[in-house]
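Notes for the one structure printed next.
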Amino acid sequence: MKKNTWIAIGICIALTLLAIDGSTGWGWADFRPLRNFDYFGLGISWLLFIFVLIRDKIRGEA
Amino acid sequence: MQSANSSPWKYVITWLRLYFGAHLFFSGIRFVIDGYVPMVPGLAGQYLAGADAIGMYHWVKYMEAIYGFLLLTNRFVFLTLILEMPTTVTIFWLNTFISATPRQLFSGPQELLMNGLLLLAYSGYMAACFRPTLNPMWPWDGWNGFQLKGKGGLLNTRPSLVGVSVEEKEPA
């Protein structure tokens, strides 16, 4: 994959970690485990994101 | 700066669209399936109870389910982001200034950031609204400016910015 695609994946991982920290409150609020809401949001977004990456990789765009 | 339709921004925007879409879809479909209304203490809870009592809450949730589906399937994304903005601002206000617990101080701005950043990413299509003077124009007349094949072609915009090749441009 191209360098810019890896940069995008890095940014998305950082945003994912931020969303997880925001939901759990780890380190700054009373800890609350991830909810189904979080599993669904992050799971679906990453599943479809990987699908887009593979599709674009096959097309030679990613 | 790289165009919004070029890597890396294209993929960051894609992930954000999918995450916001899944977030809205789950929130909406949960209500559609089992009528779940969160128990929120204080003034924010009274606001939600009031919205529920006048029958507005369920419309918001049905809209969230539809908007989430549209964002996930990449259809009418810009329109969806505009239509979702009033709900986003309400959530932002309630969480940030009314509830204002540590977790809500994160989730309120998060909601506004997700919708706002996505709106920013697509707002090139509404650049005309930043002009100080405009003549009236019906939407169906404005539509003539979008006659390129592919996704989001603007007649007078460099085709590479919106992801269509020059060959795809329809003859005038």
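Identifiers for the structure tokens are assigned positionally: chains receive A, B, ... in sequence, residues are indexed from 1 per chain, and ligands are indexed from 1 in the order shown.
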
Can you tell me, as an mmCIF file with C-alpha atoms, in the first residue's frame, what residues are no more than 10 Å from A:Lys3 when counting only C-alpha atoms, ignoring any on the same chain fewer than 2 positions away?
```cif
data_model
loop_
_atom_site.group_PDB
_atom_site.id
_atom_site.type_symbol
_atom_site.label_atom_id
_atom_site.label_comp_id
_atom_site.auth_asym_id
_atom_site.auth_seq_id
_atom_site.Cartn_x
_atom_site.Cartn_y
_atom_site.Cartn_z
ATOM 1 C CA MET A 1 0.000 0.000 0.000
ATOM 2 C CA THR A 5 -2.671 5.177 2.897
ATOM 3 C CA TRP A 6 -0.577 4.007 5.856
ATOM 4 C CA ILE A 7 -0.634 7.569 7.228
ATOM 5 C CA ALA A 8 -4.457 7.496 6.935
ATOM 6 C CA ILE A 9 -4.617 4.125 8.719
ATOM 7 C CA ALA A 62 -4.659 2.735 -2.103
ATOM 8 C CA SER B 7 -5.111 9.930 0.312
ATOM 9 C CA PRO B 8 -4.620 10.305 3.254
#
```

Query - Counting only C-alpha atoms, chain B residues within 12 Å of chain A, as an MDAnalysis selection string - result: chainID B and resid 2 5:30 68:69 71:74 101:111 113:114 163

Requested in this report: Enumerate as number ranges by chain all residues of chain A assigned to alpha helix (DSSP H) by DSSP on the backbone, naming them with the chain letters and numbers the document uses.
Outcome: A: 3-24, 36-59

Writer output for current selection, N, CA and C atoms, as a compact mmCIF listing (two decimals), in the first residue's frame:
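Result file result.txt:
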```txt
# COMPACT_ATOMS: atom_id res chain seq x y z
N LYS A 3 2.31 5.08 0.86
CA LYS A 3 2.68 5.69 2.15
C LYS A 3 1.50 6.50 2.74
N ASN A 4 0.83 7.27 1.87
CA ASN A 4 -0.28 8.09 2.36
C ASN A 4 -1.43 7.26 2.93
N THR A 5 -1.61 6.06 2.37
CA THR A 5 -2.67 5.18 2.90
C THR A 5 -2.30 4.72 4.30
N TRP A 6 -1.02 4.41 4.51
CA TRP A 6 -0.58 4.01 5.86
C TRP A 6 -0.72 5.17 6.84
N ILE A 7 -0.45 6.39 6.35
CA ILE A 7 -0.63 7.57 7.23
C ILE A 7 -2.11 7.67 7.63
N ALA A 8 -3.01 7.45 6.65
CA ALA A 8 -4.46 7.50 6.94
C ALA A 8 -4.84 6.43 7.96
N ILE A 9 -4.30 5.22 7.78
CA ILE A 9 -4.62 4.12 8.72
C ILE A 9 -4.13 4.50 10.13
N GLY A 10 -2.95 5.10 10.21
CA GLY A 10 -2.41 5.55 11.50
C GLY A 10 -3.32 6.56 12.17
N ILE A 11 -3.81 7.52 11.38
CA ILE A 11 -4.72 8.54 11.93
C ILE A 11 -6.01 7.88 12.41
N CYS A 12 -6.52 6.92 11.63
CA CYS A 12 -7.77 6.23 12.01
C CYS A 12 -7.59 5.41 13.29
N ILE A 13 -6.41 4.79 13.44
CA ILE A 13 -6.15 4.04 14.68
C ILE A 13 -6.12 5.01 15.87
N ALA A 14 -5.48 6.16 15.67
CA ALA A 14 -5.43 7.17 16.75
C ALA A 14 -6.84 7.64 17.11
N LEU A 15 -7.69 7.86 16.10
CA LEU A 15 -9.07 8.29 16.37
C LEU A 15 -9.85 7.19 17.09
N THR A 16 -9.56 5.93 16.72
CA THR A 16 -10.23 4.80 17.39
C THR A 16 -9.86 4.75 18.87
N LEU A 17 -8.56 4.91 19.14
CA LEU A 17 -8.10 4.88 20.54
C LEU A 17 -8.71 6.03 21.33
N LEU A 18 -8.82 7.19 20.67
CA LEU A 18 -9.43 8.36 21.31
C LEU A 18 -10.91 8.08 21.63
N ALA A 19 -11.61 7.46 20.67
CA ALA A 19 -13.03 7.14 20.89
C ALA A 19 -13.19 6.13 22.03
N ILE A 20 -12.27 5.14 22.09
CA ILE A 20 -12.32 4.13 23.16
C ILE A 20 -12.07 4.80 24.51
N ASP A 21 -11.05 5.68 24.56
CA ASP A 21 -10.74 6.36 25.81
C ASP A 21 -11.90 7.26 26.24
N GLY A 22 -12.53 7.90 25.26
CA GLY A 22 -13.66 8.78 25.57
C GLY A 22 -14.83 8.01 26.13
N SER A 23 -15.06 6.79 25.63
CA SER A 23 -16.18 6.00 26.11
C SER A 23 -15.90 5.35 27.47
N THR A 24 -14.69 4.84 27.63
CA THR A 24 -14.38 4.14 28.89
C THR A 24 -14.01 5.12 30.01
N ASN A 36 -22.09 -2.20 23.95
CA ASN A 36 -22.44 -2.72 22.63
C ASN A 36 -22.41 -1.62 21.59
N PHE A 37 -22.81 -0.43 22.02
CA PHE A 37 -22.79 0.77 21.18
C PHE A 37 -21.39 0.99 20.58
N ASP A 38 -20.36 0.86 21.44
CA ASP A 38 -18.98 1.07 20.99
C ASP A 38 -18.52 -0.07 20.09
N TYR A 39 -18.84 -1.32 20.51
CA TYR A 39 -18.42 -2.47 19.70
C TYR A 39 -19.03 -2.38 18.30
N PHE A 40 -20.30 -1.98 18.24
CA PHE A 40 -20.97 -1.88 16.95
C PHE A 40 -20.34 -0.76 16.11
N GLY A 41 -20.21 0.42 16.70
CA GLY A 41 -19.67 1.59 15.97
C GLY A 41 -18.28 1.33 15.44
N LEU A 42 -17.39 0.86 16.32
CA LEU A 42 -16.01 0.65 15.89
C LEU A 42 -15.88 -0.59 15.00
N GLY A 43 -16.64 -1.64 15.33
CA GLY A 43 -16.56 -2.88 14.54
C GLY A 43 -17.02 -2.66 13.11
N ILE A 44 -18.19 -2.06 12.95
CA ILE A 44 -18.74 -1.84 11.61
C ILE A 44 -17.85 -0.88 10.82
N SER A 45 -17.39 0.20 11.49
CA SER A 45 -16.58 1.18 10.76
C SER A 45 -15.27 0.55 10.28
N TRP A 46 -14.63 -0.25 11.12
CA TRP A 46 -13.37 -0.88 10.68
C TRP A 46 -13.61 -1.96 9.63
N LEU A 47 -14.69 -2.71 9.78
CA LEU A 47 -15.00 -3.76 8.79
C LEU A 47 -15.19 -3.14 7.40
N LEU A 48 -16.01 -2.10 7.32
CA LEU A 48 -16.28 -1.47 6.03
C LEU A 48 -15.06 -0.69 5.54
N PHE A 49 -14.29 -0.13 6.47
CA PHE A 49 -13.08 0.60 6.10
C PHE A 49 -12.06 -0.34 5.45
N ILE A 50 -11.90 -1.52 6.04
CA ILE A 50 -10.97 -2.52 5.46
C ILE A 50 -11.47 -2.96 4.08
N PHE A 51 -12.78 -3.09 3.94
CA PHE A 51 -13.35 -3.44 2.64
C PHE A 51 -12.99 -2.37 1.59
N VAL A 52 -13.13 -1.08 1.97
CA VAL A 52 -12.79 0.02 1.05
C VAL A 52 -11.30 -0.02 0.70
N LEU A 53 -10.46 -0.27 1.71
CA LEU A 53 -9.01 -0.31 1.47
C LEU A 53 -8.64 -1.43 0.50
N ILE A 54 -9.24 -2.62 0.72
CA ILE A 54 -8.94 -3.75 -0.17
C ILE A 54 -9.43 -3.45 -1.60
N ARG A 55 -10.63 -2.90 -1.69
CA ARG A 55 -11.18 -2.56 -3.01
C ARG A 55 -10.27 -1.57 -3.74
N ASP A 56 -9.84 -0.53 -3.02
CA ASP A 56 -8.97 0.48 -3.65
C ASP A 56 -7.58 -0.07 -3.93
N LYS A 57 -7.12 -0.99 -3.11
CA LYS A 57 -5.81 -1.62 -3.32
C LYS A 57 -5.85 -2.42 -4.63
N ILE A 58 -6.95 -3.14 -4.84
CA ILE A 58 -7.10 -3.92 -6.08
C ILE A 58 -7.13 -2.98 -7.29
N ARG A 59 -7.76 -1.81 -7.11
CA ARG A 59 -7.82 -0.82 -8.20
C ARG A 59 -6.51 -0.07 -8.39
```

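Proximity ranking of B:Ala4, B:Val77, B:Ala44, B:Val37 relative to B:Thr96 places B:Ala44 first, based on only C-alpha atoms.
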
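Taking atom CA of B:Asp52 and atom CA of B:Phe92 as endpoints, the distance between them is 18.5 Å.
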
Query raised in the report: By how many Å are atom CA of B:Thr88 and atom CA of B:Leu112 apart?
Result: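 Taking atom CA of B:Thr88 as the start and atom CA of B:Leu112 as the end point, the length is 5.9 Å.
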